[in-house]
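Okay, coords_3.txt now, which holds compact mmCIF, C-alpha atoms:
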# COMPACT_ATOMS: atom_id res chain seq x y z
CA MET A 250 84.55 106.21 80.24
CA GLU A 251 87.88 107.42 81.61
CA LEU A 252 88.70 108.98 84.94
CA THR A 253 91.86 111.09 85.01
CA ARG A 254 94.18 111.08 87.97
CA ARG A 255 93.30 114.72 88.61
CA GLU A 256 89.58 113.90 88.66
CA PHE A 257 90.18 110.94 90.95
CA LEU A 258 92.21 112.99 93.41
CA LYS A 259 89.46 115.59 93.43
CA LEU A 260 86.91 112.92 94.30
CA CYS A 261 89.16 111.24 96.81
CA SER A 262 90.64 114.24 98.62
CA ALA A 263 88.63 115.49 101.56
CA SER A 264 90.64 118.71 101.58
CA ALA A 265 89.40 119.52 98.08
CA MET A 266 85.82 118.34 98.39
CA GLY A 267 85.04 118.55 102.09
CA MET A 268 83.66 115.03 101.86
CA GLY A 269 85.13 111.60 101.44
CA LEU A 270 85.09 108.89 98.83
CA SER A 271 82.55 106.85 100.75
CA GLN A 272 80.23 109.85 100.90
CA LEU A 273 80.24 110.17 97.11
CA ALA A 274 77.75 107.83 95.45
CA VAL A 275 79.33 108.29 92.04
CA PRO A 276 78.33 105.61 89.50
CA GLU A 277 81.01 106.91 87.12
CA LEU A 278 83.68 106.21 89.70
CA VAL A 279 82.49 102.64 90.18
CA GLN A 280 82.39 102.17 86.42
CA ALA A 281 85.88 103.58 86.00
CA MET A 282 87.23 101.28 88.68
CA GLN A 283 85.45 98.30 87.16
CA GLU A 284 86.90 99.02 83.71
CA ALA A 285 90.38 99.67 85.08
CA ALA A 286 90.19 96.40 86.98
CA SER A 287 88.72 94.36 84.13
CA SER A 288 91.31 91.70 84.90
CA LYS A 289 90.12 91.74 88.55
CA PRO A 290 93.56 91.71 90.21
CA PRO A 291 93.84 88.97 92.84
CA VAL A 292 94.07 90.06 96.46
CA ILE A 293 95.28 87.89 99.34
CA TRP A 294 94.46 89.35 102.76
CA LEU A 295 96.39 87.98 105.74
CA GLN A 296 95.80 88.70 109.41
CA GLY A 297 98.54 88.75 112.01
CA ALA A 298 98.40 90.07 115.57
CA ASN A 299 95.28 92.21 115.33
CA CYS A 300 91.71 92.77 116.52
CA THR A 301 90.11 92.41 113.04
CA GLY A 302 89.00 96.05 113.22
CA CYS A 303 90.68 96.91 109.91
CA ALA A 304 88.70 94.22 108.09
CA VAL A 305 85.49 95.41 109.74
CA THR A 306 86.08 99.02 108.70
CA LEU A 307 86.53 97.95 105.06
CA LEU A 308 83.33 95.90 105.23
CA ASN A 309 81.56 99.09 106.35
CA THR A 310 82.47 101.04 103.23
CA ALA A 311 79.36 102.72 101.84
CA HIS A 312 79.96 103.93 98.26
CA PRO A 313 80.99 101.81 96.46
CA THR A 314 79.52 99.09 98.64
CA ILE A 315 81.72 96.25 99.79
CA ALA A 316 79.74 93.97 97.47
CA GLU A 317 80.70 96.15 94.50
CA VAL A 318 84.32 96.17 95.62
CA LEU A 319 84.51 92.41 96.02
CA LEU A 320 82.45 91.41 92.98
CA LYS A 321 83.33 94.10 90.43
CA ILE A 322 86.67 95.65 91.31
CA ILE A 323 88.98 93.19 93.05
CA ASP A 324 89.14 89.43 93.28
CA LEU A 325 89.57 88.60 96.95
CA HIS A 326 90.91 85.06 97.03
CA TYR A 327 91.86 84.69 100.68
CA HIS A 328 90.47 86.41 103.76
CA SER A 329 89.85 84.33 106.86
CA ASN A 330 86.81 86.40 107.92
CA VAL A 331 84.81 86.37 104.69
CA MET A 332 85.81 83.26 102.74
CA ALA A 333 83.73 80.10 102.83
CA ALA A 334 86.66 77.68 102.67
CA SER A 335 88.82 76.87 105.68
CA GLY A 336 91.70 74.68 106.77
CA GLU A 337 94.19 73.20 104.33
CA LEU A 338 91.75 73.64 101.44
CA ALA A 339 91.92 77.43 101.85
CA VAL A 340 95.67 77.46 102.46
CA ASN A 341 96.42 75.33 99.41
CA TYR A 342 94.23 77.57 97.27
CA MET A 343 96.12 80.64 98.55
CA ASP A 344 99.41 79.05 97.50
CA ILE A 345 98.01 78.26 94.05
CA ILE A 346 96.88 81.85 93.53
CA ALA A 347 100.18 83.28 94.78
CA GLU A 348 102.09 81.15 92.28
CA LYS A 349 99.66 81.56 89.39
CA ALA A 350 99.48 85.34 89.79
CA LYS A 351 103.08 85.84 90.84
CA GLY A 352 104.08 89.48 90.46
CA LYS A 353 100.47 90.50 89.81
CA PHE A 354 98.53 89.95 93.02
CA PHE A 355 98.26 92.38 95.91
CA LEU A 356 99.06 91.24 99.41
CA ALA A 357 97.08 92.99 102.12
CA ILE A 358 98.37 92.45 105.64
CA GLU A 359 96.38 93.36 108.72
CA GLY A 360 98.08 93.17 112.10
CA ALA A 361 101.63 93.16 113.39
CA ILE A 362 104.03 90.25 112.91
CA PRO A 363 105.17 88.39 116.06
CA THR A 364 108.81 87.38 115.59
CA LYS A 365 109.87 85.91 118.94
CA ASP A 366 110.53 82.16 118.91
CA ASN A 367 110.19 82.08 115.12
CA GLY A 368 106.73 83.61 115.25
CA VAL A 369 104.94 80.75 117.02
CA TYR A 370 102.63 83.22 118.78
CA CYS A 371 100.54 83.85 115.67
CA CYS A 372 99.60 80.82 113.58
CA ILE A 373 97.15 81.38 110.74
CA GLY A 374 96.63 77.84 109.45
CA GLU A 375 98.18 74.48 108.77
CA LYS A 376 100.02 73.08 105.80
CA ASP A 377 101.30 69.54 105.41
CA GLY A 378 100.28 68.87 109.00
CA LYS A 379 102.38 71.74 110.37
CA GLU A 380 101.29 75.08 111.77
CA MET A 381 101.85 78.13 109.56
CA THR A 382 102.94 81.34 111.26
CA ILE A 383 102.13 84.76 109.90
CA LEU A 384 105.89 85.43 109.95
CA GLU A 385 106.80 82.64 107.55
CA THR A 386 103.75 83.27 105.36
CA VAL A 387 104.59 86.96 104.91
CA LYS A 388 108.20 86.08 104.11
CA GLU A 389 107.01 83.53 101.54
CA LEU A 390 104.28 85.56 99.83
CA GLY A 391 105.69 89.07 100.14
CA PRO A 392 108.39 88.73 97.44
CA LYS A 393 105.80 87.30 95.03
CA ALA A 394 103.35 90.22 95.34
CA ALA A 395 103.13 93.22 93.04
CA ALA A 396 102.73 95.42 96.11
CA ILE A 397 101.94 95.06 99.79
CA LEU A 398 99.25 97.03 101.59
CA ALA A 399 100.01 97.29 105.31
CA ILE A 400 96.49 97.89 106.64
CA GLY A 401 96.23 99.74 109.95
CA ASP A 402 98.68 100.85 112.61
CA CYS A 403 99.69 97.33 113.62
CA ALA A 404 100.83 96.31 110.14
CA SER A 405 102.21 99.76 109.32
CA PHE A 406 104.15 100.60 112.48
CA GLY A 407 103.56 97.86 115.07
CA GLY A 408 100.59 99.44 116.84
CA ILE A 409 99.10 97.97 120.01
CA PRO A 410 100.68 94.47 119.70
CA ALA A 411 104.13 96.10 119.54
CA GLY A 412 103.41 98.32 122.55
CA LYS A 413 105.44 97.88 125.71
CA PRO A 414 106.40 95.33 126.92
CA ASN A 415 105.83 93.62 123.54
CA PRO A 416 106.34 90.05 124.86
CA THR A 417 106.08 88.43 121.41
CA ASP A 418 108.42 90.95 119.75
CA CYS A 419 105.81 92.17 117.26
CA LYS A 420 107.10 94.18 114.31
CA PRO A 421 105.56 96.04 111.36
CA VAL A 422 105.54 94.53 107.88
CA SER A 423 108.34 96.85 106.74
CA ALA A 424 110.68 95.33 109.33
CA ILE A 425 110.03 91.87 107.91
CA LEU A 426 110.27 92.85 104.22
CA PRO A 427 112.47 95.97 104.15
CA GLU A 428 113.03 95.81 100.38
CA ALA A 429 109.39 95.27 99.37
CA THR A 430 107.05 97.81 97.81
CA ILE A 431 104.87 98.64 100.80
CA ILE A 432 102.07 101.16 101.23
CA ASN A 433 101.30 101.97 104.86
CA ILE A 434 97.63 102.75 105.47
CA GLN A 435 97.73 103.79 109.11
CA GLY A 436 94.87 104.24 111.57
CA CYS A 437 93.35 102.21 114.39
CA PRO A 438 91.31 101.34 112.49
CA PRO A 439 91.95 103.13 109.17
CA HIS A 440 89.02 104.91 107.57
CA PRO A 441 87.45 102.73 104.85
CA ASP A 442 88.13 105.54 102.36
CA TRP A 443 91.86 105.30 103.03
CA ILE A 444 91.86 101.59 102.27
CA LEU A 445 89.54 101.71 99.28
CA GLY A 446 91.01 104.94 97.91
CA THR A 447 94.50 103.47 97.99
CA ILE A 448 93.38 100.26 96.27
CA VAL A 449 91.56 102.26 93.60
CA HIS A 450 94.57 104.51 93.00
CA VAL A 451 96.81 101.48 92.55
CA LEU A 452 94.34 99.99 90.04
CA LEU A 453 93.82 103.17 88.06
CA PHE A 454 97.19 104.90 88.21
CA GLY A 455 99.70 102.76 90.07
CA ILE A 456 101.34 103.39 93.45
CA PRO A 457 100.16 106.73 94.90
CA GLU A 458 102.63 109.38 95.96
CA LEU A 459 103.97 108.35 99.36
CA ASP A 460 105.60 110.32 102.15
CA GLU A 461 108.80 109.33 103.95
CA LYS A 462 106.79 106.88 106.08
CA LYS A 463 105.34 105.18 102.97
CA ARG A 464 101.86 106.63 103.57
CA PRO A 465 99.64 107.92 100.72
CA LYS A 466 99.93 111.71 100.76
CA ILE A 467 96.34 112.13 99.57
CA PHE A 468 95.16 111.02 103.02
CA PHE A 469 98.01 111.69 105.45
CA SER A 470 99.71 114.92 104.38
CA GLU A 471 98.33 117.20 107.13
CA THR A 472 97.89 116.89 110.87
CA ILE A 473 94.55 116.68 112.65
CA HIS A 474 95.44 120.01 114.31
CA GLN A 475 95.80 121.87 111.00
CA ASN A 476 92.17 121.22 109.99
CA CYS A 477 90.59 121.04 113.44
CA PRO A 478 87.43 123.14 114.01
CA ASN A 479 89.02 124.17 117.33
CA TYR A 480 92.11 125.55 115.60
CA SER A 481 91.04 129.17 116.07
CA TYR A 482 90.62 128.57 119.82
CA PHE A 483 94.23 127.37 119.95
CA GLN A 484 95.40 130.49 118.13
CA GLU A 485 93.52 132.63 120.64
CA GLY A 486 94.94 130.69 123.56
CA LYS A 487 91.48 129.59 124.67
CA MET A 488 91.89 126.09 126.14
CA ALA A 489 89.09 123.87 127.41
CA LYS A 490 89.57 123.08 131.10
CA LYS A 491 86.98 120.31 131.28
CA PHE A 492 85.02 118.26 128.78
CA GLY A 493 82.11 120.25 127.42
CA ASP A 494 83.96 123.59 127.54
CA LYS A 495 84.45 125.59 124.38
CA GLY A 496 88.09 125.75 123.43
CA CYS A 497 91.03 123.75 122.17
CA LEU A 498 91.26 120.30 123.78
CA ILE A 499 95.06 120.13 123.91
CA GLU A 500 95.15 120.48 127.72
CA LEU A 501 92.64 117.61 127.96
CA GLY A 502 94.93 115.26 126.09
CA CYS A 503 94.26 115.97 122.41
CA LYS A 504 97.05 114.48 120.29
CA GLY A 505 95.89 116.16 117.07
CA PRO A 506 99.22 117.96 116.53
CA MET A 507 101.02 114.61 116.44
CA ALA A 508 98.60 112.67 114.22
CA SER A 509 98.36 112.98 110.43
CA SER A 510 95.09 112.26 108.60
CA ASP A 511 92.09 114.02 107.08
CA CYS A 512 89.61 112.95 109.80
CA PRO A 513 88.40 116.55 110.43
CA LEU A 514 87.17 116.84 106.85
CA ARG A 515 86.34 113.26 105.96
CA LYS A 516 84.70 112.25 109.27
CA TRP A 517 83.47 108.72 110.02
CA ASN A 518 80.35 106.58 109.65
CA SER A 519 79.61 107.94 106.17
CA GLY A 520 80.41 111.50 107.20
CA VAL A 521 78.29 111.57 110.36
CA ASN A 522 80.90 112.70 112.89
CA TRP A 523 84.36 112.16 114.33
CA CYS A 524 86.15 112.16 117.71
CA ILE A 525 86.60 115.90 118.25
CA GLY A 526 83.18 116.53 116.72
CA VAL A 527 81.58 114.83 119.73
CA GLY A 528 83.79 116.64 122.23
CA ALA A 529 86.44 113.96 122.73
CA PRO A 530 90.14 114.65 122.18
CA CYS A 531 92.04 112.95 119.36
CA ILE A 532 93.99 110.00 120.80
CA GLY A 533 96.44 110.01 117.91
CA CYS A 534 95.51 106.69 116.35
CA SER A 535 96.67 107.97 112.94
CA SER A 536 100.22 108.38 114.22
CA GLU A 537 103.12 106.04 113.73
CA ASN A 538 103.78 106.35 117.48
CA PHE A 539 100.38 104.98 118.54
CA PRO A 540 99.71 103.87 121.22
CA ASP A 541 102.78 104.23 123.42
CA GLY A 542 103.78 107.65 122.09
CA MET A 543 100.24 108.95 122.53
CA SER A 544 99.73 107.65 126.07
CA PRO A 545 98.27 108.47 128.50
CA PHE A 546 95.42 109.47 126.21
CA TYR A 547 93.78 112.08 128.44
CA SER A 548 96.92 113.80 129.70
CA ALA A 549 98.01 117.09 128.17
CA LEU A 550 100.85 117.16 125.69
CA PRO A 551 104.08 118.59 127.10
CA LYS A 552 104.40 122.24 126.12
CA ASP A 553 107.50 121.51 124.05
CA LYS A 554 105.35 119.36 121.75
CA TRP A 555 102.70 122.00 121.20
CA PRO A 556 102.56 123.39 117.67
CA LYS A 557 103.46 127.02 117.15
CA LYS A 558 100.74 129.61 116.82
CA ASP A 559 100.49 131.43 113.53
CA SER A 560 102.02 134.57 115.05
CA GLU A 561 105.03 132.53 116.21
CA ILE A 562 105.74 130.91 112.83
CA VAL A 563 108.84 132.43 111.25
Any chance you could put this one into structure tokens?
Amino acid sequence: MELTRREFLKLCSASAMGMGLSQLAVPELVQAMQEAASSKPPVIWLQGANCTGCAVTLLNTAHPTIAEVLLKIIDLHYHSNVMAASGELAVNYMDIIAEKAKGKFFLAIEGAIPTKDNGVYCCIGEKDGKEMTILETVKELGPKAAAILAIGDCASFGGIPAGKPNPTDCKPVSAILPEATIINIQGCPPHPDWILGTIVHVLLFGIPELDEKKRPKIFFSETIHQNCPNYSYFQEGKMAKKFGDKGCLIELGCKGPMASSDCPLRKWNSGVNWCIGVGAPCIGCSSENFPDGMSPFYSALPKDKWPKKDSEIV
């Protein structure tokens, strides 16, 4: 069977369907991905300065299951959290795959890249009796990859490790490999749909359409504010004064106007709920300025950063 790009975008886009990829148990989609990935493209997943939350969110993907993803769709050769091998055995195998599949494998990078003192603050293994830093490994493998997936805020824009005072001089992947083909999948952590949907798009149709920040437009084209269920309250000027009040949460610290993602429509935990759905303000984790630019989380945005009301839009 074949799945057209239009059909895939319809399945994948929360704005079109009101539900996410992981809420769609579509056998045809799994079959299409499996056929498109009959060669099972190799994936090497590296972890820099991070909390492992991005890997955990992918492991929580519901439909297709992570087992279907790993066994039928991609060929995950290196991931320090899920592989059985360790030490130099694993590292040597990673090098073999990177050379054997040069120009064909996908390099997924989770976490920021410490650069101070030649990157000694993040070592991911040993080779020939010497410690390997994430910095040198990314520089070595990046040019050999068909494309690089920067998974999460830390890899995409620096995130928490690059927050002030940033003692290890952490940087995003794009700062290390400015000429590489990079797809930024932001979020802290990113929704599993954003990761899986991007991988599937690359397998079926190639690199998805990206915005100026190298983010897939199918997931990050609109702000949280634009699709927020409290949007009408904002238009009416009805602002919540304390948690539990009905009204827009912008005076309680909501950063929805500054964060771009489809969280309001896709939701989390297989469509159960999301931050604003339980009465909490958005902390802006799907923003390239997270966390410093979104802090303090529960303080109101300055009025000059408020979005315009519909009546004020020229």
Which residue gives the smallest distance to Ile434 in chain A among A:Gly502, A:Gly455, A:Gly401, A:Gly408, with only C-alpha atoms counted? A:Gly401
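Closest approach to Trp523 in chain A from the set A:Ala424, A:Ile397, A:Leu501, A:Cys477 is made by A:Cys477, with distances taken over all atoms listed in the file.
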Within 10 Å of range 380-391 of chain A, counting all atoms listed in the file, which residues qualify if same-chain residues fewer than 5 places away don't, as a ChimeraX atom specification? /A:293,295-298,340,343-344,347-348,351-352,354-358,360-365,367-375,396-397,419-420,422,425-426,428-431
Just write the chosen residues, C-alpha atoms, as a compact mmCIF listing (two decimals), in the frame of the given file.
# COMPACT_ATOMS: atom_id res chain seq x y z
CA ILE A 293 95.28 87.89 99.34
CA LEU A 295 96.39 87.98 105.74
CA GLN A 296 95.80 88.70 109.41
CA GLY A 297 98.54 88.75 112.01
CA ALA A 298 98.40 90.07 115.57
CA VAL A 340 95.67 77.46 102.46
CA MET A 343 96.12 80.64 98.55
CA ASP A 344 99.41 79.05 97.50
CA ALA A 347 100.18 83.28 94.78
CA GLU A 348 102.09 81.15 92.28
CA LYS A 351 103.08 85.84 90.84
CA GLY A 352 104.08 89.48 90.46
CA PHE A 354 98.53 89.95 93.02
CA PHE A 355 98.26 92.38 95.91
CA LEU A 356 99.06 91.24 99.41
CA ALA A 357 97.08 92.99 102.12
CA ILE A 358 98.37 92.45 105.64
CA GLY A 360 98.08 93.17 112.10
CA ALA A 361 101.63 93.16 113.39
CA ILE A 362 104.03 90.25 112.91
CA PRO A 363 105.17 88.39 116.06
CA THR A 364 108.81 87.38 115.59
CA LYS A 365 109.87 85.91 118.94
CA ASN A 367 110.19 82.08 115.12
CA GLY A 368 106.73 83.61 115.25
CA VAL A 369 104.94 80.75 117.02
CA TYR A 370 102.63 83.22 118.78
CA CYS A 371 100.54 83.85 115.67
CA CYS A 372 99.60 80.82 113.58
CA ILE A 373 97.15 81.38 110.74
CA GLY A 374 96.63 77.84 109.45
CA GLU A 375 98.18 74.48 108.77
CA ALA A 396 102.73 95.42 96.11
CA ILE A 397 101.94 95.06 99.79
CA CYS A 419 105.81 92.17 117.26
CA LYS A 420 107.10 94.18 114.31
CA VAL A 422 105.54 94.53 107.88
CA ILE A 425 110.03 91.87 107.91
CA LEU A 426 110.27 92.85 104.22
CA GLU A 428 113.03 95.81 100.38
CA ALA A 429 109.39 95.27 99.37
CA THR A 430 107.05 97.81 97.81
CA ILE A 431 104.87 98.64 100.80
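Counting only C-alpha atoms, the residue from A:Ile323, A:Ala549, A:Ala304, A:Ile400 that sits nearest to Lys490 in chain A is A:Ala549.
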Counting all atoms listed in the file, the residue among A:Leu338, A:Leu325, A:Ile499, A:Val292 that lies closest to Lys487 in chain A is A:Ile499
At what distance in Å, to one decimal, does CA of Asn476 in chain A lie from CA of Cys512 in chain A? 8.7 Å
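The coordinates place CA of Pro465 in chain A at 12.2 Å from CA of Val449 in chain A.
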Find the residues near Ala339 in chain A: any atom within 9 Å, counting only C-alpha atoms, skip ones fewer than 5 places away on the same chain, and give them as a PyMOL selection string. chain A and resi 327+329+332-334+344+374
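Between CA of Gly533 in chain A and CA of Leu445 in chain A there is a distance of 21.5 Å.
When only C-alpha atoms are used to measure the gap to Val527 in chain A, the shortest distance among A:Pro513, A:Met488, A:Leu459, A:Glu500 belongs to A:Pro513.
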Could you list, as an NGL selection string, every residue within 8 Å of Gly412 in chain A, counting all atoms listed in the file and ignoring same-chain residues fewer than 5 positions away? :A and (407 or 540-541)
Let's have the selection written as a PDB file, in the coordinates of the input, with C-alpha atoms.
ATOM      1  CA  GLY A 407     103.560  97.860 115.070  1.00  0.00           C
ATOM      2  CA  PRO A 540      99.710 103.870 121.220  1.00  0.00           C
ATOM      3  CA  ASP A 541     102.780 104.230 123.420  1.00  0.00           C
TER       4      ASP A 541
END
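Using all atoms listed in the file, the shortest contact distance between Lys552 in chain A and any of A:Gly302, A:Pro506, A:Pro416, A:Asn479 is found at A:Pro506.
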Please produce range 460-483 of chain A, completed to N, CA and C atoms, as a compact mmCIF listing (two decimals), in the frame of the given file.
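Result file is selection_37.txt:
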# COMPACT_ATOMS: atom_id res chain seq x y z
N ASP A 460 104.69 109.49 101.38
CA ASP A 460 105.60 110.32 102.15
C ASP A 460 106.76 109.47 102.64
N GLU A 461 107.60 110.04 103.50
CA GLU A 461 108.80 109.33 103.95
C GLU A 461 108.46 108.11 104.81
N LYS A 462 107.22 108.04 105.29
CA LYS A 462 106.79 106.88 106.08
C LYS A 462 105.98 105.89 105.24
N LYS A 463 106.01 106.06 103.92
CA LYS A 463 105.34 105.18 102.97
C LYS A 463 103.81 105.25 103.08
N ARG A 464 103.29 106.41 103.46
CA ARG A 464 101.86 106.63 103.57
C ARG A 464 101.37 107.43 102.37
N PRO A 465 100.17 107.14 101.84
CA PRO A 465 99.64 107.92 100.72
C PRO A 465 99.42 109.38 101.13
N LYS A 466 100.03 110.29 100.41
CA LYS A 466 99.93 111.71 100.76
C LYS A 466 98.51 112.24 100.63
N ILE A 467 97.70 111.62 99.76
CA ILE A 467 96.34 112.13 99.57
C ILE A 467 95.50 112.03 100.83
N PHE A 468 95.93 111.18 101.78
CA PHE A 468 95.16 111.02 103.02
C PHE A 468 95.91 111.49 104.26
N PHE A 469 97.25 111.49 104.22
CA PHE A 469 98.01 111.69 105.45
C PHE A 469 99.02 112.84 105.37
N SER A 470 98.73 113.85 104.57
CA SER A 470 99.71 114.92 104.38
C SER A 470 99.61 116.04 105.42
N GLU A 471 98.49 116.13 106.15
CA GLU A 471 98.33 117.20 107.13
C GLU A 471 97.94 116.62 108.48
N THR A 472 98.24 117.36 109.54
CA THR A 472 97.89 116.89 110.87
C THR A 472 96.42 117.17 111.17
N ILE A 473 95.90 116.43 112.15
CA ILE A 473 94.55 116.68 112.65
C ILE A 473 94.43 118.14 113.09
N HIS A 474 95.44 118.65 113.77
CA HIS A 474 95.44 120.01 114.31
C HIS A 474 95.23 121.06 113.21
N GLN A 475 95.85 120.86 112.06
CA GLN A 475 95.80 121.87 111.00
C GLN A 475 94.39 122.11 110.48
N ASN A 476 93.54 121.08 110.52
CA ASN A 476 92.17 121.22 109.99
C ASN A 476 91.10 121.12 111.08
N CYS A 477 91.52 121.19 112.33
CA CYS A 477 90.59 121.04 113.44
C CYS A 477 89.65 122.24 113.56
N PRO A 478 88.36 122.01 113.82
CA PRO A 478 87.43 123.14 114.01
C PRO A 478 87.77 123.97 115.25
N ASN A 479 88.59 123.41 116.14
CA ASN A 479 89.02 124.17 117.33
C ASN A 479 90.33 124.90 117.11
N TYR A 480 90.80 124.94 115.89
CA TYR A 480 92.11 125.55 115.60
C TYR A 480 92.14 127.02 116.01
N SER A 481 91.06 127.74 115.74
CA SER A 481 91.04 129.17 116.07
C SER A 481 91.13 129.38 117.59
N TYR A 482 90.52 128.46 118.36
CA TYR A 482 90.62 128.57 119.82
C TYR A 482 92.08 128.45 120.26
N PHE A 483 92.82 127.53 119.62
CA PHE A 483 94.23 127.37 119.95
C PHE A 483 95.00 128.65 119.66
